$ cat final01.cif   # mmCIF, C-alpha atoms
data_structure
#
loop_
_atom_site.label_atom_id
_atom_site.label_comp_id
_atom_site.auth_asym_id
_atom_site.auth_seq_id
_atom_site.Cartn_x
_atom_site.Cartn_y
_atom_site.Cartn_z
CA MET A 1 -134.34 181.07 -140.17
CA GLU A 2 -132.52 184.09 -138.76
CA ARG A 3 -131.54 186.95 -140.96
CA LYS A 4 -127.83 186.33 -140.50
CA GLU A 5 -128.36 182.72 -141.45
CA ILE A 6 -130.29 183.71 -144.59
CA ILE A 7 -127.51 186.04 -145.70
CA ARG A 8 -124.87 183.43 -144.93
CA LYS A 9 -126.75 180.87 -147.02
CA LEU A 10 -127.08 183.34 -149.87
CA ALA A 11 -123.34 184.06 -149.68
CA GLU A 12 -122.65 180.33 -149.88
CA ALA A 13 -124.93 179.94 -152.90
CA ILE A 14 -123.17 182.90 -154.56
CA ARG A 15 -119.79 181.28 -153.96
CA ARG A 16 -120.91 178.00 -155.48
CA GLU A 17 -122.50 179.75 -158.46
CA SER A 18 -119.41 181.88 -159.13
CA GLU A 19 -117.03 178.92 -159.37
CA GLY A 20 -115.52 178.69 -162.82
CA LEU A 21 -117.11 181.94 -163.99
CA GLY A 22 -113.88 183.94 -164.14
CA ARG A 23 -113.84 187.57 -163.08
CA ILE A 24 -117.34 189.04 -162.84
CA ARG A 25 -118.15 192.73 -162.35
CA ILE A 26 -121.68 193.64 -161.28
CA MET A 27 -122.80 197.27 -161.18
CA HIS A 28 -125.60 198.57 -158.99
CA LEU A 29 -127.31 201.76 -160.06
CA CYS A 30 -128.73 203.33 -156.93
CA GLY A 31 -127.26 205.22 -154.00
CA THR A 32 -129.58 203.36 -151.65
CA HIS A 33 -128.14 200.05 -152.88
CA GLU A 34 -124.66 201.34 -152.05
CA ASP A 35 -125.97 202.23 -148.60
CA THR A 36 -127.25 198.67 -148.06
CA VAL A 37 -124.03 197.13 -149.43
CA THR A 38 -121.77 199.27 -147.25
CA ARG A 39 -123.98 199.25 -144.12
CA TYR A 40 -124.08 195.43 -144.08
CA ASN A 41 -120.54 195.03 -145.46
CA LEU A 42 -121.86 192.78 -148.22
CA ARG A 43 -118.71 193.12 -150.34
CA SER A 44 -116.83 191.14 -147.68
CA LEU A 45 -119.24 188.22 -148.26
CA LEU A 46 -118.56 187.98 -151.99
CA PRO A 47 -115.97 185.62 -153.50
CA GLU A 48 -112.77 187.16 -154.88
CA ASN A 49 -113.82 186.88 -158.50
CA VAL A 50 -117.12 188.75 -157.99
CA LYS A 51 -116.74 192.50 -157.78
CA LEU A 52 -119.65 194.82 -156.99
CA VAL A 53 -119.19 198.35 -158.33
CA SER A 54 -121.28 201.46 -158.00
CA GLY A 55 -122.75 203.31 -160.99
CA PRO A 56 -124.43 206.67 -161.67
CA GLY A 57 -127.38 206.11 -159.31
CA CYS A 58 -127.13 209.32 -157.31
CA PRO A 59 -129.19 212.21 -158.71
CA VAL A 60 -127.24 214.93 -156.90
CA CYS A 61 -123.95 213.43 -158.11
CA ILE A 62 -124.82 213.22 -161.79
CA THR A 63 -126.25 216.73 -161.99
CA PRO A 64 -123.53 218.57 -163.92
CA ASP A 65 -121.97 221.83 -162.77
CA GLY A 66 -123.62 223.62 -165.70
CA ASP A 67 -127.05 223.25 -164.08
CA LEU A 68 -125.80 224.54 -160.76
CA GLN A 69 -124.12 227.52 -162.44
CA ARG A 70 -127.36 228.39 -164.22
CA VAL A 71 -129.22 228.34 -160.91
CA PHE A 72 -126.59 230.64 -159.34
CA HIS A 73 -126.78 232.89 -162.40
CA LEU A 74 -130.57 233.19 -162.06
CA LEU A 75 -130.42 233.75 -158.31
CA GLU A 76 -127.91 236.60 -158.73
CA ARG A 77 -130.05 238.38 -161.31
CA LYS A 78 -133.70 237.82 -160.33
CA LYS A 79 -135.45 238.36 -157.04
CA VAL A 80 -136.79 234.85 -156.56
CA THR A 81 -137.24 232.26 -153.85
CA LEU A 82 -135.13 229.27 -154.80
CA ALA A 83 -136.34 225.96 -153.38
CA THR A 84 -134.50 222.66 -153.67
CA PHE A 85 -133.76 219.38 -151.92
CA GLY A 86 -131.24 219.64 -149.07
CA ASP A 87 -128.28 217.78 -150.53
CA MET A 88 -128.31 219.78 -153.74
CA ALA A 89 -127.90 222.98 -151.75
CA ARG A 90 -124.57 221.76 -150.39
CA VAL A 91 -122.85 221.02 -153.72
CA PRO A 92 -120.04 223.53 -154.25
CA PHE A 93 -119.09 225.27 -157.45
CA GLU A 94 -115.94 227.38 -157.24
CA GLY A 95 -116.33 227.11 -153.47
CA LYS A 96 -119.89 228.47 -153.45
CA SER A 97 -123.05 226.47 -152.84
CA LEU A 98 -126.72 227.37 -152.51
CA PHE A 99 -126.11 227.35 -148.73
CA TYR A 100 -123.45 230.00 -149.30
CA TYR A 101 -126.01 232.12 -151.16
CA LYS A 102 -128.50 231.59 -148.34
CA ALA A 103 -125.92 232.80 -145.82
CA LYS A 104 -125.35 235.86 -148.03
CA GLY A 105 -129.03 236.75 -147.70
CA TYR A 106 -130.47 235.19 -150.86
CA ASP A 107 -133.84 233.48 -150.40
CA VAL A 108 -132.86 229.82 -150.66
CA ARG A 109 -135.11 227.22 -149.04
CA MET A 110 -134.61 223.52 -148.42
CA VAL A 111 -137.75 221.49 -149.06
CA TYR A 112 -138.77 217.89 -148.47
CA SER A 113 -141.30 217.82 -151.29
CA VAL A 114 -142.12 219.87 -154.38
CA PHE A 115 -145.43 220.70 -152.71
CA ASP A 116 -143.63 222.65 -150.01
CA ALA A 117 -142.37 224.91 -152.83
CA LEU A 118 -145.85 225.08 -154.32
CA GLU A 119 -147.31 226.19 -150.99
CA MET A 120 -144.62 228.89 -150.79
CA ALA A 121 -145.65 230.16 -154.23
CA LYS A 122 -149.27 230.43 -153.12
CA LYS A 123 -148.26 232.73 -150.23
CA SER A 124 -145.21 234.54 -151.63
CA GLU A 125 -145.03 237.90 -153.41
CA LYS A 126 -141.91 236.74 -155.22
CA PRO A 127 -141.67 234.06 -157.89
CA VAL A 128 -140.72 230.65 -156.46
CA VAL A 129 -138.31 228.57 -158.52
CA PHE A 130 -138.05 224.87 -157.68
CA PHE A 131 -134.65 223.48 -158.69
CA ALA A 132 -135.83 219.96 -159.54
CA ILE A 133 -133.45 217.03 -159.57
CA GLY A 134 -134.03 213.30 -159.54
CA PHE A 135 -134.83 210.37 -161.79
CA GLU A 136 -138.16 208.79 -162.77
CA THR A 137 -138.88 208.19 -159.07
CA THR A 138 -139.12 211.92 -158.40
CA MET A 139 -140.28 213.30 -161.76
CA PRO A 140 -143.99 212.45 -161.40
CA SER A 141 -144.26 214.57 -158.24
CA THR A 142 -142.78 217.60 -160.03
CA ALA A 143 -145.04 216.95 -163.02
CA LEU A 144 -148.11 216.87 -160.79
CA ALA A 145 -147.08 220.17 -159.17
CA ILE A 146 -146.65 221.82 -162.59
CA MET A 147 -150.07 220.53 -163.64
CA GLU A 148 -151.68 222.33 -160.70
CA GLY A 149 -150.94 225.56 -162.59
CA VAL A 150 -150.11 227.75 -159.61
CA GLU A 151 -149.15 231.33 -160.42
CA ASP A 152 -145.57 232.39 -159.59
CA PHE A 153 -144.42 228.74 -159.37
CA TYR A 154 -141.66 227.79 -161.77
CA VAL A 155 -139.53 224.69 -162.22
CA PHE A 156 -135.88 224.62 -163.20
CA SER A 157 -135.83 221.06 -164.47
CA ALA A 158 -132.58 219.18 -163.94
CA HIS A 159 -134.53 215.91 -163.86
CA ARG A 160 -133.01 213.13 -165.89
CA PHE A 161 -134.44 209.86 -167.20
CA PHE A 162 -132.34 207.02 -165.85
CA VAL A 163 -133.06 204.17 -168.26
CA PRO A 164 -131.29 205.88 -171.23
CA ALA A 165 -128.19 206.27 -169.03
CA MET A 166 -127.97 202.49 -168.63
CA GLU A 167 -127.86 202.02 -172.39
CA HIS A 168 -125.36 204.85 -172.66
CA LEU A 169 -123.09 203.26 -170.03
CA LEU A 170 -122.97 200.05 -172.03
CA SER A 171 -121.98 202.01 -175.13
CA LEU A 172 -118.97 203.55 -173.37
CA GLY A 173 -115.94 201.40 -174.09
CA ASP A 174 -114.29 201.83 -170.70
CA VAL A 175 -117.11 200.45 -168.56
CA LYS A 176 -116.41 196.73 -168.20
CA ILE A 177 -119.32 195.06 -166.45
CA ASP A 178 -121.19 191.77 -166.73
CA GLY A 179 -124.54 192.62 -165.16
CA PHE A 180 -126.69 195.38 -163.70
CA ILE A 181 -128.60 195.53 -160.44
CA ASN A 182 -131.39 197.83 -161.60
CA PRO A 183 -132.58 200.67 -159.35
CA GLY A 184 -135.51 199.52 -157.22
CA HIS A 185 -137.39 202.76 -156.78
CA VAL A 186 -136.98 204.00 -160.36
CA SER A 187 -138.41 200.59 -161.26
CA THR A 188 -141.56 201.07 -159.14
CA ILE A 189 -142.42 203.85 -161.60
CA VAL A 190 -141.11 202.55 -164.96
CA GLY A 191 -141.86 198.86 -164.38
CA VAL A 192 -140.05 195.75 -165.58
CA LYS A 193 -141.07 196.47 -169.17
CA ALA A 194 -138.87 199.59 -169.38
CA TYR A 195 -135.70 197.46 -169.35
CA GLU A 196 -136.73 194.64 -171.68
CA HIS A 197 -135.08 196.21 -174.71
CA ILE A 198 -131.68 196.36 -172.99
CA ASP A 199 -129.80 193.28 -174.21
CA PHE A 200 -127.81 192.70 -171.02
CA PRO A 201 -128.23 190.69 -167.78
CA GLN A 202 -130.24 192.79 -165.29
CA VAL A 203 -132.02 192.11 -162.00
CA ILE A 204 -134.31 194.65 -160.32
CA ALA A 205 -133.59 194.53 -156.59
CA GLY A 206 -135.03 195.79 -153.32
CA PHE A 207 -133.04 197.41 -150.54
CA GLU A 208 -132.72 194.82 -147.78
CA PRO A 209 -129.37 193.00 -147.66
CA GLU A 210 -131.20 189.78 -148.60
CA ASP A 211 -132.56 191.52 -151.70
CA VAL A 212 -129.12 192.60 -152.89
CA MET A 213 -127.53 189.20 -152.20
CA LEU A 214 -130.36 187.40 -153.98
CA ALA A 215 -130.05 189.78 -156.95
CA ILE A 216 -126.34 188.96 -157.21
CA LEU A 217 -127.13 185.24 -157.12
CA MET A 218 -129.81 185.66 -159.81
CA LEU A 219 -127.38 187.65 -161.97
CA LEU A 220 -124.66 185.03 -161.65
CA ARG A 221 -127.15 182.38 -162.79
CA MET A 222 -128.16 184.55 -165.75
CA ILE A 223 -124.52 185.14 -166.68
CA LYS A 224 -123.73 181.42 -166.37
CA ASN A 225 -126.66 180.51 -168.63
CA GLY A 226 -125.90 183.24 -171.15
CA GLU A 227 -129.31 184.75 -170.39
CA ARG A 228 -130.00 188.40 -171.20
CA GLY A 229 -132.85 190.76 -170.39
CA VAL A 230 -134.39 191.63 -167.05
CA ARG A 231 -135.55 189.67 -164.01
CA ASN A 232 -137.38 191.08 -161.03
CA GLU A 233 -136.33 190.31 -157.48
CA TYR A 234 -138.28 193.25 -155.96
CA THR A 235 -141.69 191.80 -156.76
CA ARG A 236 -143.33 193.24 -153.63
CA ALA A 237 -143.08 196.76 -155.09
CA VAL A 238 -142.22 196.52 -158.79
CA LYS A 239 -144.92 195.52 -161.28
CA TYR A 240 -144.45 194.61 -164.92
CA GLU A 241 -146.25 197.77 -166.07
CA GLY A 242 -144.88 199.99 -163.27
CA ASN A 243 -146.97 202.90 -162.03
CA VAL A 244 -148.92 203.76 -165.18
CA LYS A 245 -150.58 206.86 -163.73
CA ALA A 246 -147.22 208.28 -162.65
CA GLN A 247 -145.79 207.53 -166.12
CA GLU A 248 -148.67 209.36 -167.79
CA VAL A 249 -148.23 212.46 -165.62
CA MET A 250 -144.46 212.41 -166.15
CA ASN A 251 -144.67 211.99 -169.92
CA ALA A 252 -147.38 214.63 -170.26
CA VAL A 253 -145.11 217.27 -168.72
CA PHE A 254 -141.60 216.21 -169.74
CA ASP A 255 -140.09 215.67 -173.14
CA ARG A 256 -136.76 213.84 -173.63
CA GLU A 257 -133.71 215.73 -174.85
CA ASP A 258 -130.01 214.93 -175.08
CA TRP A 259 -128.54 216.26 -171.82
CA GLU A 260 -125.18 216.10 -170.13
CA TRP A 261 -124.53 214.05 -167.00
CA ARG A 262 -121.53 214.35 -164.73
CA GLY A 263 -119.19 211.49 -165.60
CA LEU A 264 -121.20 210.21 -168.56
CA GLY A 265 -121.13 213.08 -171.04
CA VAL A 266 -124.22 213.71 -173.15
CA VAL A 267 -126.81 210.96 -172.70
CA PRO A 268 -129.26 210.76 -175.60
CA LYS A 269 -132.95 211.22 -174.69
CA SER A 270 -132.25 211.57 -170.98
CA GLY A 271 -133.05 215.23 -170.27
CA ALA A 272 -136.48 215.97 -168.82
CA LYS A 273 -137.22 219.17 -170.69
CA ILE A 274 -140.56 220.77 -169.79
CA ARG A 275 -142.88 220.52 -172.79
CA ARG A 276 -144.05 223.63 -174.61
CA GLU A 277 -147.63 223.21 -173.28
CA PHE A 278 -146.25 223.87 -169.79
CA GLU A 279 -143.60 226.48 -170.68
CA ASP A 280 -145.33 229.09 -168.52
CA PHE A 281 -143.96 227.11 -165.57
CA ASP A 282 -140.50 226.50 -167.07
CA ALA A 283 -137.96 228.74 -165.30
CA LEU A 284 -135.52 228.38 -168.19
CA LYS A 285 -138.17 229.71 -170.58
CA VAL A 286 -139.80 232.35 -168.36
CA PHE A 287 -136.45 233.82 -167.32
CA GLU A 288 -134.68 233.16 -170.63
CA ASP A 289 -133.44 236.75 -170.92
CA VAL A 290 -131.32 236.13 -167.80
CA PHE A 291 -129.44 233.36 -169.55
CA GLU A 292 -128.55 235.32 -172.69
CA ASP A 293 -125.12 236.21 -171.31
CA PHE A 294 -124.60 232.86 -169.57
CA VAL A 295 -121.29 231.11 -170.24
CA PRO A 296 -120.56 227.83 -168.44
CA LYS A 297 -117.19 227.55 -166.78
CA GLU A 298 -115.06 224.76 -165.41
CA ASP A 299 -114.54 224.61 -161.67
CA VAL A 300 -110.77 224.60 -161.13
CA LYS A 301 -111.33 223.53 -157.52
CA LYS A 302 -112.76 220.23 -158.79
CA LYS A 303 -109.77 219.46 -161.08
CA ALA A 304 -108.55 216.62 -158.84
CA CYS A 305 -112.06 215.35 -157.98
CA ARG A 306 -112.72 211.92 -159.53
CA CYS A 307 -116.48 211.84 -159.03
CA GLY A 308 -117.00 211.38 -162.78
CA GLU A 309 -114.92 208.19 -162.96
CA LEU A 310 -116.58 206.95 -159.77
CA LEU A 311 -120.01 207.34 -161.39
CA ARG A 312 -118.88 205.09 -164.25
CA GLY A 313 -117.72 202.45 -161.77
CA LEU A 314 -114.09 202.82 -162.85
CA ILE A 315 -112.73 203.67 -159.41
CA GLU A 316 -113.66 203.47 -155.73
CA PRO A 317 -113.46 206.37 -153.28
CA LYS A 318 -110.10 205.14 -151.94
CA ASP A 319 -108.60 205.61 -155.43
CA CYS A 320 -109.21 209.36 -155.28
CA PRO A 321 -106.33 211.36 -153.80
CA LEU A 322 -108.78 213.77 -152.15
CA PHE A 323 -110.87 211.13 -150.32
CA MET A 324 -110.86 211.84 -146.56
CA LYS A 325 -107.95 214.24 -147.05
CA ALA A 326 -108.98 217.43 -148.86
CA CYS A 327 -112.52 216.07 -149.30
CA THR A 328 -114.68 215.06 -146.31
CA PRO A 329 -118.43 215.12 -145.58
CA LYS A 330 -117.90 218.39 -143.69
CA ASN A 331 -115.84 219.98 -146.46
CA PRO A 332 -116.81 218.21 -149.66
CA VAL A 333 -115.07 219.00 -152.95
CA GLY A 334 -117.38 217.06 -155.27
CA PRO A 335 -121.02 215.93 -155.14
CA CYS A 336 -120.13 212.25 -154.52
CA MET A 337 -119.01 213.38 -151.06
CA VAL A 338 -121.95 215.77 -150.57
CA SER A 339 -124.93 213.56 -151.23
CA VAL A 340 -126.07 210.95 -148.72
CA GLU A 341 -126.42 208.75 -151.80
CA GLY A 342 -122.92 209.45 -153.09
CA MET A 343 -120.46 206.57 -152.72
CA CYS A 344 -117.78 208.80 -151.14
CA ASN A 345 -120.23 210.10 -148.54
CA ILE A 346 -121.50 206.59 -147.75
CA TRP A 347 -117.98 205.17 -147.37
CA ALA A 348 -116.98 208.15 -145.22
CA ARG A 349 -120.02 207.73 -142.95
CA PHE A 350 -119.49 204.02 -142.43
CA GLY A 351 -115.75 204.42 -141.96
CA VAL A 352 -114.71 202.46 -145.06
CA ARG A 353 -111.22 203.53 -146.05
CA GLY A 354 -110.38 200.95 -148.68
CA MET B 1 -136.69 215.58 -142.21
CA ALA B 2 -136.29 218.67 -144.41
CA GLY B 3 -132.68 219.14 -145.34
CA VAL B 4 -131.86 215.44 -145.37
CA VAL B 5 -133.62 214.16 -148.41
CA GLU B 6 -132.33 210.99 -149.94
CA MET B 7 -133.48 211.23 -153.50
CA CYS B 8 -133.70 207.54 -154.29
CA ILE B 9 -135.05 206.51 -150.96
CA ALA B 10 -138.64 205.50 -150.51
CA ILE B 11 -139.97 204.36 -147.17
CA PRO B 12 -142.82 201.87 -146.72
CA GLY B 13 -145.66 202.86 -144.42
CA ARG B 14 -149.22 201.83 -143.61
CA VAL B 15 -152.14 203.98 -144.74
CA GLU B 16 -154.18 204.99 -141.68
CA LYS B 17 -156.67 207.45 -143.09
CA VAL B 18 -157.52 208.54 -146.62
CA GLU B 19 -158.41 212.19 -147.31
CA TYR B 20 -157.93 212.25 -151.07
CA PRO B 21 -155.55 213.46 -152.52
CA TYR B 22 -153.85 212.99 -149.15
CA ALA B 23 -153.52 210.17 -146.68
CA VAL B 24 -152.05 209.84 -143.21
CA VAL B 25 -149.34 207.19 -143.38
CA ASP B 26 -147.79 205.51 -140.37
CA PHE B 27 -144.05 204.82 -140.68
CA ARG B 28 -143.44 202.58 -137.68
CA GLY B 29 -145.00 205.09 -135.31
CA THR B 30 -144.17 208.34 -137.14
CA LYS B 31 -147.23 209.71 -138.90
CA ARG B 32 -147.07 211.87 -142.00
CA LYS B 33 -149.50 213.34 -144.47
CA VAL B 34 -148.61 212.26 -148.00
CA ARG B 35 -150.08 212.71 -151.47
CA ILE B 36 -151.68 209.59 -152.87
CA ASP B 37 -152.88 210.86 -156.26
CA LEU B 38 -150.06 209.18 -158.20
CA LEU B 39 -151.76 205.87 -157.34
CA GLU B 40 -155.15 204.39 -158.08
CA ASP B 41 -157.40 203.17 -155.35
CA VAL B 42 -155.43 203.59 -152.11
CA LYS B 43 -157.28 202.17 -149.11
CA GLU B 44 -156.81 202.19 -145.37
CA GLY B 45 -154.53 199.34 -144.35
CA ASP B 46 -152.58 199.37 -147.62
CA TYR B 47 -148.79 199.52 -147.46
CA VAL B 48 -147.29 202.20 -149.70
CA LEU B 49 -143.78 203.33 -150.61
CA VAL B 50 -143.39 207.06 -150.01
CA HIS B 51 -140.86 209.25 -151.80
CA VAL B 52 -140.56 213.06 -151.43
CA GLY B 53 -144.03 213.25 -149.89
CA PHE B 54 -145.75 211.06 -152.50
CA ALA B 55 -146.94 207.48 -152.35
CA ILE B 56 -145.33 206.05 -155.51
CA GLN B 57 -146.33 202.39 -155.29
CA LYS B 58 -148.29 199.94 -153.18
CA VAL B 59 -146.25 197.26 -151.45
CA GLU B 60 -147.99 193.96 -151.38
CA LYS B 61 -146.61 192.31 -148.29
CA SER B 62 -144.74 193.06 -145.13
CA GLU B 63 -140.97 192.65 -145.15
CA ALA B 64 -141.31 189.52 -142.99
CA GLU B 65 -143.60 187.78 -145.45
CA ASN B 66 -141.30 188.83 -148.26
CA ILE B 67 -138.29 187.27 -146.61
CA ALA B 68 -140.18 184.00 -146.19
CA GLU B 69 -140.93 184.13 -149.90
CA LEU B 70 -137.28 184.83 -150.69
CA LEU B 71 -136.25 181.71 -148.82
CA GLU B 72 -138.71 179.63 -150.71
CA LYS B 73 -137.39 180.98 -153.99
CA VAL B 74 -133.75 180.27 -153.26
CA PHE B 75 -133.68 177.25 -151.00
CA GLY B 76 -137.09 175.71 -151.42
CA VAL B 77 -137.68 175.90 -147.62
#

$ encode --input "final01.cif" --output "structure tokens"
Amino acid sequence: MERKEIIRKLAEAIRRESEGLGRIRIMHLCGTHEDTVTRYNLRSLLPENVKLVSGPGCPVCITPDGDLQRVFHLLERKKVTLATFGDMARVPFEGKSLFYYKAKGYDVRMVYSVFDALEMAKKSEKPVVFFAIGFETTMPSTALAIMEGVEDFYVFSAHRFFVPAMEHLLSLGDVKIDGFINPGHVSTIVGVKAYEHIDFPQVIAGFEPEDVMLAILMLLRMIKNGERGVRNEYTRAVKYEGNVKAQEVMNAVFDREDWEWRGLGVVPKSGAKIRREFEDFDALKVFEDVFEDFVPKEDVKKKACRCGELLRGLIEPKDCPLFMKACTPKNPVGPCMVSVEGMCNIWARFGVRG
Amino acid sequence: MAGVVEMCIAIPGRVEKVEYPYAVVDFRGTKRKVRIDLLEDVKEGDYVLVHVGFAIQKVEKSEAENIAELLEKVFGV
């Protein structure tokens, strides 16, 4: 059977399954799922009563301005090499980004992997600070780098645990959804077991269009049968236990604190704080004197940006007055337009205007 | 690839050569050295998902085999 035919058959099955279900809202939780959905125009294949919305599954997007301001604050006061992933360097705060600092002569480097930063630290005279973002998928790599114990290598952890954010989303009164498509790559690390305690219909899905369509079908069946808990569609990569070794490394290095997310407020037990045993590598601890006079501000330039509501699935890019007007991939106002995993950026790239 | 890092994305590739804690992984013709020490027992010929330079999980089957399995699950073909 051809791929098109498979997807068409899945769409048909979804339509049959959705009959008589009323209005259903399904939320996916990963920027790469949004990419698949938009690239293959899957929303156009869904019946009218089934709506697929996008959640907080973009690490760059959910990193709050406070973290970025702290990084700027450190960079302005200490002679360090600041290494981070490319998209993070483009997020503006009051019109400045890490790229802006780089252009001004500060030592800002874009890296593909935390080990690029570690190699820099081995050669550099200056301290190297890795501005670390990402969910459980990315955390084990940072943890492993910290465990190597390289001198002059420090981590500014803005990592956040994703699973607590799902529970938090359900506790927010304004998020009206009937099922989750769980993030595939986070799941390769945390496993199926990490979601079992969440009393809500969930399906872990892969990233091919067939995966997403099948996950929607599975969710509709769960919703119809009143079934709760988690099912796994992405069996080729996600095991019940997950990646136990990666979990051990991650949990050895990171504790869980209550940290803020853009759009979600403070999410209990979601902040990947570096444990005291590894505080010699914690930039926030090692350079704590720098932050004594730190006061977070609000970015007036982002007043009209609706990234926060977008991350809760309350609106789509077209509902934001800035989308493709004052805010474009070339001149982004908020992180949802910066990141290749942000819904605004994805819609802009694929020419979706509403 | 530096500069365009998709945080959630993980790409499947085939392990060509193991030099622990590294391995050379073939992503449809593009070869890259990746860390494999977040996984147990990676062997040549294994398929792995790679994220920010690390193999994070083994993938059991090729996409083609997976799609055949999908069909069986949904339509009993």

$ resolve_selection --input "final01.cif" --expression "the PyMOL selection byres ((chain A and resi 307-323) around 8)" --output "number ranges by chain"
A: 27, 53-57, 61-62, 169, 174-175, 262-264, 304-306, 324-328, 334-336, 343-344, 347, 353-354

$ closest_atom_pairs --input "final01.cif" --of "chain A" --to "chain B" --cutoff "9 Å" --atoms "all atoms listed in the file" --output "CSV"
residue,atom,partner,partner_atom,distance
A:Met1,CA,B:Leu71,CA,8.9
A:Arg3,CA,B:Ile67,CA,8.8
A:Ile6,CA,B:Leu71,CA,7.6
A:Lys9,CA,B:Phe75,CA,8.8
A:Leu10,CA,B:Val74,CA,8.1
A:Ala13,CA,B:Val74,CA,8.8
A:Cys30,CA,B:Cys8,CA,7.0
A:Gly31,CA,B:Cys8,CA,6.9
A:Thr32,CA,B:Ile9,CA,6.3
A:Gly57,CA,B:Cys8,CA,8.2
A:Cys58,CA,B:Cys8,CA,7.4
A:Pro59,CA,B:Met7,CA,6.8
A:Val60,CA,B:Met7,CA,8.0
A:Phe85,CA,B:Val5,CA,6.3
A:Gly86,CA,B:Gly3,CA,4.0
A:Asp87,CA,B:Val4,CA,6.7
A:Ala89,CA,B:Gly3,CA,8.9
A:Met110,CA,B:Gly3,CA,5.7
A:Val111,CA,B:Ala2,CA,5.6
A:Tyr112,CA,B:Ala2,CA,4.8
A:Ser113,CA,B:Val52,CA,4.8
A:Val114,CA,B:Val52,CA,7.6
A:Phe115,CA,B:Gly53,CA,8.1
A:Ile133,CA,B:Met7,CA,8.4
A:Gly134,CA,B:Met7,CA,6.4
A:Phe135,CA,B:Cys8,CA,8.1
A:Thr137,CA,B:Cys8,CA,7.1
A:Thr138,CA,B:Val52,CA,7.2
A:Pro140,CA,B:Leu38,CA,7.6
A:Ser141,CA,B:Phe54,CA,6.9
A:Leu144,CA,B:Leu38,CA,8.3
A:Pro183,CA,B:Cys8,CA,8.6
A:Gly184,CA,B:Cys8,CA,8.7
A:His185,CA,B:Cys8,CA,6.5
A:Val186,CA,B:Cys8,CA,7.8
A:Thr188,CA,B:Gln57,CA,6.3
A:Ile189,CA,B:Ile56,CA,7.1
A:Glu208,CA,B:Glu63,CA,8.9
A:Glu210,CA,B:Ile67,CA,7.8
A:Asp211,CA,B:Leu70,CA,8.2
A:Leu214,CA,B:Val74,CA,7.9
A:Glu233,CA,B:Leu70,CA,8.8
A:Thr235,CA,B:Glu60,CA,8.6
A:Arg236,CA,B:Glu60,CA,5.2
A:Ala237,CA,B:Val59,CA,4.9
A:Val238,CA,B:Gln57,CA,8.0
A:Gly242,CA,B:Gln57,CA,8.5
A:Asn243,CA,B:Gln57,CA,6.8
A:Val244,CA,B:Leu39,CA,8.6
A:Lys245,CA,B:Leu38,CA,6.0
A:Ala246,CA,B:Leu38,CA,5.4
A:Val249,CA,B:Leu38,CA,8.3
A:Ser339,CA,B:Glu6,CA,7.9
A:Val340,CA,B:Glu6,CA,6.4
A:Glu341,CA,B:Glu6,CA,6.6

$ resolve_selection --input "final01.cif" --expression "the PyMOL selection byres ((chain B and resi 13-18) around 7)" --output "list in words"
Ile11, Pro12, Glu19, Tyr20, Tyr22, Ala23, Val24, Val25, Asp26, Phe27, Lys43, Glu44, Gly45, Asp46, Tyr47, Val48 and Leu49 of chain B

$ write_last_selection --input "final01.cif" --atoms "C-alpha atoms" --output "PDB file, in the coordinates of the input"
ATOM      1  CA  ILE B  11    -139.970 204.360-147.170  1.00  0.00           C
ATOM      2  CA  PRO B  12    -142.820 201.870-146.720  1.00  0.00           C
ATOM      3  CA  GLU B  19    -158.410 212.190-147.310  1.00  0.00           C
ATOM      4  CA  TYR B  20    -157.930 212.250-151.070  1.00  0.00           C
ATOM      5  CA  TYR B  22    -153.850 212.990-149.150  1.00  0.00           C
ATOM      6  CA  ALA B  23    -153.520 210.170-146.680  1.00  0.00           C
ATOM      7  CA  VAL B  24    -152.050 209.840-143.210  1.00  0.00           C
ATOM      8  CA  VAL B  25    -149.340 207.190-143.380  1.00  0.00           C
ATOM      9  CA  ASP B  26    -147.790 205.510-140.370  1.00  0.00           C
ATOM     10  CA  PHE B  27    -144.050 204.820-140.680  1.00  0.00           C
ATOM     11  CA  LYS B  43    -157.280 202.170-149.110  1.00  0.00           C
ATOM     12  CA  GLU B  44    -156.810 202.190-145.370  1.00  0.00           C
ATOM     13  CA  GLY B  45    -154.530 199.340-144.350  1.00  0.00           C
ATOM     14  CA  ASP B  46    -152.580 199.370-147.620  1.00  0.00           C
ATOM     15  CA  TYR B  47    -148.790 199.520-147.460  1.00  0.00           C
ATOM     16  CA  VAL B  48    -147.290 202.200-149.700  1.00  0.00           C
ATOM     17  CA  LEU B  49    -143.780 203.330-150.610  1.00  0.00           C
TER      18      LEU B  49
END

$ atom_distance --input "final01.cif" --atom1 "CA of Arg160 in chain A" --atom2 "CA of Val42 in chain B"
28.0 Å

$ resolve_selection --input "final01.cif" --expression "the PyMOL selection byres ((chain A and resi 194-204) around 7)" --output "list in words"
Glu167, Gly179, Phe180, Ile181, Asn182, Pro183, Gly184, Val190, Gly191, Val192, Lys193, Ala205, Ala215, Leu219, Met222, Ile223, Glu227, Arg228, Gly229, Val230, Arg231, Asn232, Glu233 and Tyr234 of chain A

$ closest_residue --input "final01.cif" --among "A:Val266, A:Glu34, A:Leu98, A:Phe281" --to "Phe153 in chain A" --atoms "only C-alpha atoms"
A:Phe281

$ residues_around --input "final01.cif" --residues "Phe294 in chain A" --least-positions-apart "5" --cutoff "10 Å" --atoms "all atoms listed in the file" --output "ChimeraX atom specification"
/A:69-70,73-74,289

$ closest_residue --input "final01.cif" --among "A:Arg39, A:Tyr100, A:Gly342, A:Leu172" --to "Thr63 in chain A" --atoms "all atoms listed in the file"
A:Gly342
